[in-house]
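As stored in input29.pdb (PDB, C-alpha atoms):
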```
ATOM      1  CA  MET S  30       8.436 -12.070  37.005
ATOM      2  CA  SER S  31       7.702  -9.132  34.690
ATOM      3  CA  LYS S  32       4.894  -9.434  32.213
ATOM      4  CA  PHE S  33       4.854  -7.459  28.971
ATOM      5  CA  SER S  34       1.975  -5.892  27.071
ATOM      6  CA  ILE S  35       1.514  -6.732  23.402
ATOM      7  CA  SER S  36       3.236  -3.512  22.284
ATOM      8  CA  GLU S  37       6.192  -4.150  24.609
ATOM      9  CA  ALA S  38       6.415  -7.776  23.501
ATOM     10  CA  ALA S  39       6.335  -6.721  19.844
ATOM     11  CA  LYS S  40       9.314  -4.411  20.411
ATOM     12  CA  ILE S  41      11.254  -7.175  22.189
ATOM     13  CA  LYS S  42      10.637  -9.594  19.322
ATOM     14  CA  GLY S  43      11.151  -6.962  16.622
ATOM     15  CA  VAL S  44       7.755  -7.643  15.066
ATOM     16  CA  SER S  45       4.435  -5.841  14.835
ATOM     17  CA  PRO S  46       1.533  -6.438  17.268
ATOM     18  CA  SER S  47      -0.435  -7.946  14.366
ATOM     19  CA  THR S  48       2.244 -10.637  14.046
ATOM     20  CA  LEU S  49       1.823 -11.535  17.732
ATOM     21  CA  ARG S  50      -1.939 -11.754  17.215
ATOM     22  CA  ARG S  51      -1.355 -14.046  14.238
ATOM     23  CA  TRP S  52       1.018 -16.239  16.265
ATOM     24  CA  GLU S  53      -1.684 -16.505  18.919
ATOM     25  CA  SER S  54      -4.310 -17.582  16.366
ATOM     26  CA  GLU S  55      -1.842 -20.153  14.988
ATOM     27  CA  GLY S  56      -1.126 -21.463  18.477
ATOM     28  CA  LYS S  57       2.569 -20.499  18.347
ATOM     29  CA  LEU S  58       2.572 -18.030  21.228
ATOM     30  CA  ILE S  59      -0.396 -17.934  23.607
ATOM     31  CA  PRO S  60      -0.285 -15.018  26.052
ATOM     32  CA  GLU S  61      -1.877 -14.871  29.451
ATOM     33  CA  ARG S  62      -4.908 -12.641  29.848
ATOM     34  CA  THR S  63      -5.555 -10.106  32.563
ATOM     35  CA  ALA S  64      -8.942  -9.854  34.283
ATOM     36  CA  SER S  65      -9.833  -7.149  31.781
ATOM     37  CA  GLY S  66      -8.760  -9.314  28.824
ATOM     38  CA  HIS S  67      -5.432  -7.692  27.955
ATOM     39  CA  ARG S  68      -2.597  -9.890  26.660
ATOM     40  CA  ARG S  69       0.470 -10.368  28.851
ATOM     41  CA  TYR S  70       3.708 -12.099  27.791
ATOM     42  CA  SER S  71       6.544 -13.466  29.928
ATOM     43  CA  MET S  72      10.185 -13.135  28.899
ATOM     44  CA  SER S  73      10.552 -16.913  28.840
ATOM     45  CA  GLN S  74       7.687 -17.109  26.332
ATOM     46  CA  LEU S  75       9.246 -14.457  24.120
ATOM     47  CA  LEU S  76      12.681 -16.085  24.199
ATOM     48  CA  GLY S  77      11.187 -19.478  23.453
ATOM     49  CA  VAL S  78       9.820 -18.483  20.060
ATOM     50  CA  GLU S  79      12.095 -18.049  17.056
ATOM     51  CA  SER S  80      12.321 -14.502  15.815
ATOM     52  CA  HIS S  81       9.905 -13.808  13.015
ATOM     53  CA  ARG S  82      11.359 -12.382   9.843
ATOM     54  CA  ALA S  83       8.954  -9.587   8.990
ATOM     55  CA  TYR S  84       7.279 -10.020   5.621
ATOM     56  CA  THR S  85       7.313  -6.972   3.353
ATOM     57  CA  ILE S  86       5.110  -6.041   0.399
ATOM     58  CA  GLY S  87       6.348  -3.557  -2.181
ATOM     59  CA  TYR S  88       3.621  -1.867  -4.223
ATOM     60  CA  ALA S  89       4.275  -0.402  -7.677
ATOM     61  CA  ARG S  90       1.743   1.279  -9.970
ATOM     62  CA  VAL S  91       1.540   3.173 -13.245
ATOM     63  CA  SER S  92      -1.508   4.630 -14.966
ATOM     64  CA  SER S  93      -1.093   3.319 -18.508
ATOM     65  CA  HIS S  94       0.595   0.703 -20.682
ATOM     66  CA  ASP S  95       3.015   3.229 -22.173
ATOM     67  CA  GLN S  96       4.531   3.731 -18.701
ATOM     68  CA  LYS S  97       5.794   0.160 -18.522
ATOM     69  CA  GLN S  98       9.409   1.342 -18.192
ATOM     70  CA  ASP S  99       8.468   3.416 -15.151
ATOM     71  CA  LEU S 100       6.777   0.361 -13.611
ATOM     72  CA  GLU S 101       9.942  -1.689 -14.075
ATOM     73  CA  ARG S 102      11.992   1.138 -12.581
ATOM     74  CA  GLN S 103       9.742   1.251  -9.507
ATOM     75  CA  LYS S 104      10.075  -2.510  -9.065
ATOM     76  CA  GLU S 105      13.867  -2.365  -9.365
ATOM     77  CA  ILE S 106      14.079   0.409  -6.759
ATOM     78  CA  ILE S 107      11.881  -1.534  -4.330
ATOM     79  CA  GLU S 108      13.809  -4.771  -4.931
ATOM     80  CA  LEU S 109      17.134  -3.064  -4.263
ATOM     81  CA  PHE S 110      15.851  -1.209  -1.194
ATOM     82  CA  CYS S 111      14.387  -4.372   0.366
ATOM     83  CA  ALA S 112      17.515  -6.389  -0.423
ATOM     84  CA  GLN S 113      19.735  -3.745   1.185
ATOM     85  CA  ASN S 114      17.646  -3.961   4.354
ATOM     86  CA  GLY S 115      17.544  -7.765   4.317
ATOM     87  CA  TRP S 116      13.737  -7.853   4.076
ATOM     88  CA  GLU S 117      11.913 -10.903   2.759
ATOM     89  CA  HIS S 118       9.528  -9.370   0.267
ATOM     90  CA  GLU S 119       7.105  -9.629  -2.620
ATOM     91  CA  ILE S 120       6.082  -6.942  -5.104
ATOM     92  CA  ILE S 121       2.481  -6.297  -6.090
ATOM     93  CA  GLN S 122       2.119  -4.297  -9.292
ATOM     94  CA  ASP S 123      -0.890  -2.496 -10.713
ATOM     95  CA  LEU S 124      -1.825  -0.858 -13.982
ATOM     96  CA  GLY S 125      -4.487   1.773 -13.565
ATOM     97  CA  SER S 126      -5.335   5.296 -12.516
ATOM     98  CA  GLY S 127      -4.501   6.601  -9.078
ATOM     99  CA  VAL S 128      -8.210   7.356  -8.630
ATOM    100  CA  ASN S 129      -9.284   3.783  -9.444
ATOM    101  CA  TYR S 130      -9.974   1.956  -6.183
ATOM    102  CA  SER S 131     -10.895  -1.350  -7.838
ATOM    103  CA  LYS S 132      -7.468  -2.378  -9.136
ATOM    104  CA  ARG S 133      -6.692  -6.052  -8.564
ATOM    105  CA  GLY S 134      -3.346  -5.434  -6.911
ATOM    106  CA  LEU S 135      -4.744  -2.782  -4.555
ATOM    107  CA  LYS S 136      -7.541  -5.122  -3.476
ATOM    108  CA  ARG S 137      -5.029  -7.878  -2.766
ATOM    109  CA  LEU S 138      -2.826  -5.475  -0.828
ATOM    110  CA  LEU S 139      -5.757  -4.434   1.380
ATOM    111  CA  ARG S 140      -6.661  -8.093   2.013
ATOM    112  CA  LEU S 141      -3.080  -8.821   3.116
ATOM    113  CA  ILE S 142      -3.014  -5.790   5.413
ATOM    114  CA  THR S 143      -6.333  -6.535   7.107
ATOM    115  CA  SER S 144      -5.579 -10.247   7.514
ATOM    116  CA  GLY S 145      -2.360  -9.466   9.404
ATOM    117  CA  GLU S 146      -0.192 -11.272   6.855
ATOM    118  CA  ILE S 147       2.346  -8.506   6.309
ATOM    119  CA  ASP S 148       4.434  -6.304   8.579
ATOM    120  CA  ARG S 149       5.663  -3.650   6.158
ATOM    121  CA  LEU S 150       4.538  -1.795   3.012
ATOM    122  CA  VAL S 151       7.167  -0.194   0.760
ATOM    123  CA  LEU S 152       6.386   2.456  -1.893
ATOM    124  CA  THR S 153       8.715   4.443  -4.130
ATOM    125  CA  HIS S 154       6.413   7.477  -3.792
ATOM    126  CA  LYS S 155       3.223   8.114  -1.829
ATOM    127  CA  ASP S 156       1.165   8.779  -4.974
ATOM    128  CA  ARG S 157       1.997   5.321  -6.354
ATOM    129  CA  LEU S 158      -0.569   3.942  -3.922
ATOM    130  CA  LEU S 159      -3.489   6.293  -4.623
ATOM    131  CA  ARG S 160      -3.827   9.840  -5.889
ATOM    132  CA  PHE S 161      -6.475  10.635  -3.269
ATOM    133  CA  GLY S 162      -7.111   8.522  -0.189
ATOM    134  CA  ALA S 163      -3.625   7.182   0.514
ATOM    135  CA  GLU S 164      -3.948   8.505   4.087
ATOM    136  CA  LEU S 165      -6.953   6.234   4.615
ATOM    137  CA  VAL S 166      -4.903   3.187   3.608
ATOM    138  CA  PHE S 167      -2.074   4.389   5.854
ATOM    139  CA  SER S 168      -4.547   4.605   8.758
ATOM    140  CA  ILE S 169      -5.628   1.020   8.088
ATOM    141  CA  CYS S 170      -1.961   0.010   8.090
ATOM    142  CA  GLU S 171      -1.474   1.714  11.443
ATOM    143  CA  GLN S 172      -4.509  -0.108  12.841
ATOM    144  CA  PHE S 173      -3.078  -3.470  11.793
ATOM    145  CA  GLY S 174       0.497  -2.724  12.809
ATOM    146  CA  VAL S 175       1.878  -2.452   9.275
ATOM    147  CA  GLU S 176       4.910  -0.186   8.899
ATOM    148  CA  ILE S 177       4.872   2.253   5.943
ATOM    149  CA  VAL S 178       8.150   2.948   4.141
ATOM    150  CA  ILE S 179       8.188   5.605   1.396
ATOM    151  CA  ILE S 180      11.582   5.521  -0.318
ATOM    152  CA  ASN S 181      11.381   8.893  -2.051
ATOM    153  CA  ARG S 182       9.175  11.592  -0.567
ATOM    154  CA  THR S 183       9.612  13.962  -3.503
ATOM    155  CA  GLU S 184       7.486  13.907  -6.634
ATOM    156  CA  ASP S 185       8.744  11.616  -9.399
ATOM    157  CA  ALA S 186       9.265  12.566 -13.025
ATOM    158  CA  SER S 187       5.892  11.191 -14.163
ATOM    159  CA  PHE S 188       3.899  13.096 -11.503
ATOM    160  CA  GLU S 189       2.449  15.747 -13.851
ATOM    161  CA  GLU S 190       1.600  13.223 -16.555
ATOM    162  CA  ASP S 191      -0.118  10.920 -14.076
ATOM    163  CA  LEU S 192      -1.977  13.800 -12.460
ATOM    164  CA  ALA S 193      -3.243  14.985 -15.857
ATOM    165  CA  ASN S 194      -4.455  11.465 -16.672
ATOM    166  CA  ASP S 195      -6.201  11.133 -13.311
ATOM    167  CA  VAL S 196      -7.921  14.507 -13.630
ATOM    168  CA  LEU S 197      -9.000  13.597 -17.172
ATOM    169  CA  GLU S 198     -10.487  10.348 -15.904
ATOM    170  CA  ILE S 199     -12.419  12.109 -13.142
ATOM    171  CA  ILE S 200     -13.869  14.711 -15.508
ATOM    172  CA  THR S 201     -14.695  12.058 -18.112
ATOM    173  CA  VAL S 202     -16.684  10.042 -15.561
ATOM    174  CA  PHE S 203     -18.584  13.074 -14.261
ATOM    175  CA  SER S 204     -19.352  14.479 -17.707
ATOM    176  CA  ALA S 205     -20.572  11.042 -18.821
ATOM    177  CA  ARG S 206     -22.939  10.959 -15.864
ATOM    178  CA  LEU S 207     -24.091  14.498 -16.556
ATOM    179  CA  TYR S 208     -24.575  14.290 -20.324
ATOM    180  CA  GLY S 209     -24.531  10.548 -21.084
ATOM    181  CA  SER S 210     -21.508   8.672 -22.400
ATOM    182  CA  ARG S 211     -22.668   8.822 -26.048
ATOM    183  CA  ASN S 212     -23.825  12.416 -25.992
ATOM    184  CA  GLY S 213     -22.032  14.654 -28.487
ATOM    185  CA  LYS S 214     -21.491  17.361 -25.887
ATOM    186  CA  ASN S 215     -19.761  14.858 -23.596
ATOM    187  CA  LYS S 216     -17.491  13.638 -26.390
ATOM    188  CA  LYS S 217     -16.531  17.216 -27.232
ATOM    189  CA  ILE S 218     -15.611  17.945 -23.598
ATOM    190  CA  VAL S 219     -13.467  14.818 -23.400
ATOM    191  CA  GLU S 220     -11.657  15.637 -26.640
ATOM    192  CA  GLU S 221     -10.902  19.179 -25.449
ATOM    193  CA  LEU S 222      -9.592  17.819 -22.158
ATOM    194  CA  LYS S 223      -7.337  15.364 -23.964
ATOM    195  CA  LYS S 224      -5.832  18.207 -25.978
ATOM    196  CA  VAL S 225      -5.172  20.191 -22.820
ATOM    197  CA  SER S 226      -3.598  17.213 -21.027
ATOM    198  CA  GLU S 227      -1.304  16.567 -23.988
ATOM    199  CA  ARG S 228       0.058  20.108 -23.670
ATOM    200  CA  LEU S 229       0.953  19.626 -19.979
TER
END
```
I'd like the structure from this file rewritten - as structure tokens, please.
Amino acid sequence: MSKFSISEAAKIKGVSPSTLRRWESEGKLIPERTASGHRRYSMSQLLGVESHRAYTIGYARVSSHDQKQDLERQKEIIELFCAQNGWEHEIIQDLGSGVNYSKRGLKRLLRLITSGEIDRLVLTHKDRLLRFGAELVFSICEQFGVEIVIINRTEDASFEEDLANDVLEIITVFSARLYGSRNGKNKKIVEELKKVSERL
């Protein structure tokens, strides 16, 4: 009787390899092991387990409170997209700069990815995740068998505004470190930058 590798078994079941690993840890589907330790599944095993309905996380983010309407729009787009595809889902939302790696929602998202609890991540745009470093998160997703779905691969209307805010934040942090946060020179730099960003 044919035996299937974990990647082959995942395709047969329509789930990710991380889901099969989770089923194994939960005792739902225990594969055989080869002499070298690789998992092998029989067809009877795969047919004997109910199909898993992949769990999806939608992630929405804006930089500031005055972009609340854009946050709601992102959530609506994700909700509609997931519903159209019949995906069981939850939306994690964040308020903070695209260069802030300590946002509560982002931390939770990373915990879910690395614990194998989700099978799919949905974003309206790539930059909603992070301004810089999104590829690193995507690599982590790939490692844990999480599918990435980006609904719109073009820049959204708030791209320039968000980018200006993120650049302002970066320069503010560096100038504060260079001159001290209360230094008059630092405050002058920040004020000039704010004026420039407002003209963008």
Requested in this report: Run the PyMOL selection byres ((chain S and resi 133) around 12) against the file shown and list the residues it catches, as a PyMOL selection string.
Outcome: chain S and resi 88+90+121-125+129-132+134-140
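Shortest atom-to-atom contact with S:Glu108 among S:Gly66, S:Gly87, S:Pro46, S:Gly127: S:Gly87, counting all atoms listed in the file.
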Query raised in the report: Skipping near chain neighbours, those fewer than 2 positions away, what residues fall within 10 Å of S:Arg50 using only C-alpha atoms, listed as JSON, numbers by chain?
Result: {"S": [35, 45, 46, 47, 48, 52, 53, 54, 55, 56, 57, 58, 59, 60, 68, 145, 173]}
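Of the residues under consideration (S:Glu61, S:His94, S:Arg69, S:Ile142), S:Ile142 shows the shortest atom-to-atom contact distance to S:Gln172 when counting all atoms listed in the file.
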Query raised in the report: Using all atoms listed in the file, which residue out of S:Ser71, S:Asn114, S:Thr143, S:Ser126 lies closest to S:Phe33?
Result: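 Of all the options, S:Ser71 lies closest to S:Phe33.
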